[in-house]
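A short worksheet on the structure shown next.
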Amino acid sequence: MTWPGRYAGKTVIVTGASGDLGRAVVAAFAAEGAALGLVYGKNRAAAEALAADPAVVPSGRAVALAGVDLAASHAKVGKSVHAACASLLETLGRCDTLVALAGLPATPALWQKSLPEVTAEDLHAAFAVDTVGTFLFAQALAPTLAAARGSIVVMSSSAAFYGDVLGLAFAPAKSANAGLVKLLARVLAPDVRVNGIAPGGIATGWLATLDDAQRAHAAEQTLVGRLGAPAEVAQAILELATNGYLNGQVVPLDGGIFPRSAHPSGAKRAP
């Protein structure tokens with residue numbers, strides 16, 4: 001069956017599909033007619049529920065699932081990623097876009113660690129999932145993406161540009177991902193376009209790590225006076241994936257957190 005939309009007859013593979021942003025991204029590409037490859041870490045049940053939800057994936061749409069533990073040993077993870085991609089391609093036949101959302105979960109204990117508390121293990125864990133995982137999926141899917149003249153969208157963070165006082169174990173990996181966009185864009189040009197999205201202040205699961213005062217402060221940092229919605233991130237990712245002239249860019253999506261406003265909190269701005 002042919003579905004209408006910009007991705008009619010095309011396939012999108014989403015890593016971290018069962019995570020906070022995964023549902024919104026899958027829904028956005030599904031609405032554009034895409035067949036879907038959903039990659040999850042350890043929560044297969046969540047990925048299956050997502051694939052079976054008609055509010056996200058229309059009935060009859062081609063969907064394939066694959067699980068990869070990106071925190072596995074170095075000796076195993078590369079083979080696991082390539083095997084997962086081979087399995088998805090065997091079912092779906094092609095890949096036109098890779099959306100690399102997979103990231104180390106932001107548990108409250110890890111997100112709140114101060115500089116002296118962050119360990120080497122914390123940093124290695126974040127890099128393994130966020131950066132090494134993204135690299136390996138791009139590597140494994142590069143041939144089919146090139147054949148499709150396709151695209152990759154990499155998840156970074158606005159903290160990669162202006163820093164933060166929370167999530168210190170995560171920000172270095174997100175900064176590395178911004179550099180990875182530049183590297184992959186050059187290596188894969190002109191056949192595959194590679195861009196990144198750098199969200200900040202998005203209302204996802206990390207909010208559970210904050211107290212009420214910290215949540216209010218996060219919203220006040222934006223020039224729009226609120227936190228962003230996952231659907232707004234998904235919309236931006238869709239545009240990055242489809243704009244044929246946009247390449248090698250990391251686009252901030254933080255409601256104007258960076259650059260920071262010159263106006264004190266609550267001050268009125270000129271119309």
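Chain labels run A, B, ... following the order of the structure tokens; each chain numbers its residues from 1, and ligands are numbered from 1 in the order shown.
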
With a cut-off of 7 Å, could you pull out the residues of segment 98-157 of chain A touching segment 54-77 of chain A and give me the nearest pair of atoms for each, distance in Å to one decimal, using only C-alpha atoms, ordered by chain and ascending number, as CSV?
```
residue,atom,partner,partner_atom,distance
A:Ala125,CA,A:Ala71,CA,6.6
A:Ala128,CA,A:Ala71,CA,6.1
A:Val129,CA,A:Leu70,CA,5.2
A:Gly133,CA,A:Leu70,CA,6.0
```

Selection above as a file: N, CA and C atoms, as an mmCIF file, in the first residue's frame:
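File written: out-v8.cif
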```
data_model
loop_
_atom_site.group_PDB
_atom_site.id
_atom_site.type_symbol
_atom_site.label_atom_id
_atom_site.label_comp_id
_atom_site.auth_asym_id
_atom_site.auth_seq_id
_atom_site.Cartn_x
_atom_site.Cartn_y
_atom_site.Cartn_z
ATOM 1 N N ALA A 125 29.954 5.884 29.791
ATOM 2 C CA ALA A 125 28.612 5.384 29.523
ATOM 3 C C ALA A 125 27.863 6.305 28.563
ATOM 4 N N ALA A 128 29.406 6.085 25.060
ATOM 5 C CA ALA A 128 29.127 4.799 24.419
ATOM 6 C C ALA A 128 27.767 4.801 23.743
ATOM 7 N N VAL A 129 26.772 5.327 24.432
ATOM 8 C CA VAL A 129 25.416 5.304 23.885
ATOM 9 C C VAL A 129 25.198 6.443 22.890
ATOM 10 N N GLY A 133 27.423 4.989 19.620
ATOM 11 C CA GLY A 133 26.245 4.379 19.018
ATOM 12 C C GLY A 133 25.824 5.072 17.740
#
```

If we count only C-alpha atoms, what is near Ala142 of chain A at a cut-off of 9 Å, once residues fewer than 4 positions away on the same chain are taken out, given as an MDAnalysis selection string? chainID A and resid 137:138 146:147 188 192

For the residues in the current selection, export C-alpha atoms as a PDB file, in the first residue's frame.
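File written: part33.pdb
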```pdb
ATOM      1  CA  PHE A 137      24.606   3.210  13.080  1.00  0.00           C
ATOM      2  CA  ALA A 138      25.755   5.776  10.513  1.00  0.00           C
ATOM      3  CA  ALA A 146      23.951   6.603  -0.127  1.00  0.00           C
ATOM      4  CA  ALA A 147      21.964   4.482  -2.557  1.00  0.00           C
ATOM      5  CA  LEU A 188      29.341  10.939   3.232  1.00  0.00           C
ATOM      6  CA  VAL A 192      24.104  11.559   2.215  1.00  0.00           C
TER       7      VAL A 192
END
```

What's the separation between atom CA of Val187 of chain A and atom CA of Asp130 of chain A, in Å to one decimal place?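 About the pair atom CA of Val187 of chain A and atom CA of Asp130 of chain A: they are 19.5 Å apart.
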
Using only C-alpha atoms, I'd like a table of the residues in segment 75-179 of chain A that come within 10 Å of segment 199-214 of chain A; for each, show the closest atom pair and its distance in Å rounded to one decimal, ordered by chain and ascending number, as a tab-separated table.
```
residue	atom	partner	partner_atom	distance
A:Pro105	CA	A:Trp206	CA	8.6
A:Ala106	CA	A:Trp206	CA	5.9
A:Thr107	CA	A:Thr209	CA	6.9
A:Pro108	CA	A:Thr209	CA	4.4
A:Ala109	CA	A:Thr209	CA	7.9
A:Leu110	CA	A:Thr209	CA	9.1
A:Trp111	CA	A:Thr209	CA	6.9
A:Gln112	CA	A:Thr209	CA	7.4
A:Met155	CA	A:Pro199	CA	8.1
A:Ser156	CA	A:Pro199	CA	7.1
A:Ser157	CA	A:Pro199	CA	5.0
A:Ser158	CA	A:Gly200	CA	5.2
A:Ala159	CA	A:Gly200	CA	7.2
A:Ala160	CA	A:Pro199	CA	9.9
A:Leu166	CA	A:Leu210	CA	9.8
A:Gly167	CA	A:Trp206	CA	9.5
```

Export, as a JSON list (two decimals), in the first residue's frame, the selected residues with N, CA, C and O atoms.
```
[["chain", "number", "residue", "atom", "x", "y", "z"],
["A", 105, "PRO", "N", 20.01, 7.23, 29.45],
["A", 105, "PRO", "CA", 18.89, 7.77, 30.22],
["A", 105, "PRO", "C", 19.35, 8.73, 31.31],
["A", 105, "PRO", "O", 20.33, 8.47, 32.01],
["A", 106, "ALA", "N", 18.61, 9.82, 31.46],
["A", 106, "ALA", "CA", 18.96, 10.84, 32.44],
["A", 106, "ALA", "C", 18.30, 10.52, 33.78],
["A", 106, "ALA", "O", 17.27, 11.09, 34.15],
["A", 107, "THR", "N", 18.89, 9.61, 34.52],
["A", 107, "THR", "CA", 18.38, 9.31, 35.85],
["A", 107, "THR", "C", 18.63, 10.50, 36.78],
["A", 107, "THR", "O", 19.61, 11.24, 36.60],
["A", 108, "PRO", "N", 17.75, 10.71, 37.77],
["A", 108, "PRO", "CA", 17.95, 11.85, 38.68],
["A", 108, "PRO", "C", 19.33, 11.88, 39.33],
["A", 108, "PRO", "O", 19.96, 12.93, 39.41],
["A", 109, "ALA", "N", 19.81, 10.72, 39.77],
["A", 109, "ALA", "CA", 21.09, 10.68, 40.46],
["A", 109, "ALA", "C", 22.23, 11.12, 39.55],
["A", 109, "ALA", "O", 23.13, 11.86, 39.97],
["A", 110, "LEU", "N", 22.18, 10.68, 38.29],
["A", 110, "LEU", "CA", 23.26, 11.02, 37.36],
["A", 110, "LEU", "C", 23.13, 12.46, 36.88],
["A", 110, "LEU", "O", 24.12, 13.18, 36.76],
["A", 111, "TRP", "N", 21.91, 12.91, 36.61],
["A", 111, "TRP", "CA", 21.70, 14.26, 36.09],
["A", 111, "TRP", "C", 22.12, 15.32, 37.09],
["A", 111, "TRP", "O", 22.62, 16.38, 36.72],
["A", 112, "GLN", "N", 21.97, 15.04, 38.37],
["A", 112, "GLN", "CA", 22.22, 16.03, 39.41],
["A", 112, "GLN", "C", 23.67, 16.03, 39.92],
["A", 112, "GLN", "O", 24.01, 16.84, 40.79],
["A", 155, "MET", "N", 21.27, 13.62, 17.22],
["A", 155, "MET", "CA", 20.84, 14.34, 18.41],
["A", 155, "MET", "C", 22.03, 14.94, 19.15],
["A", 155, "MET", "O", 22.94, 14.22, 19.58],
["A", 156, "SER", "N", 22.03, 16.26, 19.28],
["A", 156, "SER", "CA", 23.01, 16.96, 20.11],
["A", 156, "SER", "C", 22.24, 17.62, 21.25],
["A", 156, "SER", "O", 21.22, 17.10, 21.71],
["A", 157, "SER", "N", 22.69, 18.75, 21.73],
["A", 157, "SER", "CA", 22.02, 19.46, 22.81],
["A", 157, "SER", "C", 22.48, 20.90, 22.80],
["A", 157, "SER", "O", 23.62, 21.20, 22.44],
["A", 158, "SER", "N", 21.59, 21.80, 23.21],
["A", 158, "SER", "CA", 22.00, 23.21, 23.31],
["A", 158, "SER", "C", 23.11, 23.39, 24.34],
["A", 158, "SER", "O", 23.89, 24.34, 24.26],
["A", 159, "ALA", "N", 23.22, 22.45, 25.28],
["A", 159, "ALA", "CA", 24.32, 22.52, 26.25],
["A", 159, "ALA", "C", 25.68, 22.39, 25.58],
["A", 159, "ALA", "O", 26.70, 22.81, 26.14],
["A", 160, "ALA", "N", 25.72, 21.83, 24.37],
["A", 160, "ALA", "CA", 26.97, 21.73, 23.63],
["A", 160, "ALA", "C", 27.49, 23.10, 23.24],
["A", 160, "ALA", "O", 28.68, 23.27, 22.98],
["A", 166, "LEU", "N", 23.78, 21.35, 35.09],
["A", 166, "LEU", "CA", 23.23, 20.02, 35.34],
["A", 166, "LEU", "C", 23.55, 19.13, 34.15],
["A", 166, "LEU", "O", 23.87, 19.60, 33.06],
["A", 167, "GLY", "N", 23.46, 17.82, 34.36],
["A", 167, "GLY", "CA", 23.73, 16.90, 33.26],
["A", 167, "GLY", "C", 25.17, 16.93, 32.80],
["A", 167, "GLY", "O", 25.46, 16.78, 31.60]]
```

Determine which residues of segment 65-237 of chain A DSSP labels as helix (DSSP H, G or I) from the backbone of this structure, then write them out as a PyMOL selection string. chain A and resi 74-92+108-111+115-117+120-147+159-162+171-188+205-209+212-220+230-237

Selected residue of minimal separation from Val99 of chain A among A:Leu115, A:Val224, A:Val165, A:Ala236, counting only C-alpha atoms: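 Smallest separation from Val99 of chain A among the options: A:Ala236.
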
Taking 2 positions as the minimum chain separation for residues in the same chain, which residues sit within 7 Å of Ala169 of chain A when counting only C-alpha atoms? Answer as a VMD selection string. chain A and resid 118 122 to 123 126 167 171 to 172

Store the residues of this selection in a file with N, CA and C atoms, as a compact mmCIF listing (two decimals), in the first residue's frame.
```txt
# COMPACT_ATOMS: atom_id res chain seq x y z
N VAL A 118 31.13 13.48 39.15
CA VAL A 118 31.09 12.76 37.87
C VAL A 118 32.31 11.86 37.75
N ASP A 122 30.79 7.29 34.32
CA ASP A 122 29.65 8.08 33.85
C ASP A 122 29.90 8.61 32.45
N LEU A 123 31.09 9.17 32.26
CA LEU A 123 31.41 9.76 30.95
C LEU A 123 31.49 8.70 29.87
N ALA A 126 27.96 7.61 28.80
CA ALA A 126 27.28 8.57 27.93
C ALA A 126 27.86 8.54 26.52
N GLY A 167 23.46 17.82 34.36
CA GLY A 167 23.73 16.90 33.26
C GLY A 167 25.17 16.93 32.80
N ALA A 171 26.64 16.31 28.72
CA ALA A 171 26.98 17.39 27.80
C ALA A 171 28.22 17.12 26.95
N PRO A 172 29.30 16.50 27.48
CA PRO A 172 30.45 16.25 26.61
C PRO A 172 30.12 15.35 25.42
```

Using only C-alpha atoms, which of the listed residues (A:Ala45, A:Gly225, A:Leu141, A:Val181) sits closest to Gly93 of chain A?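 The answer is A:Leu141, which sits nearest to Gly93 of chain A.
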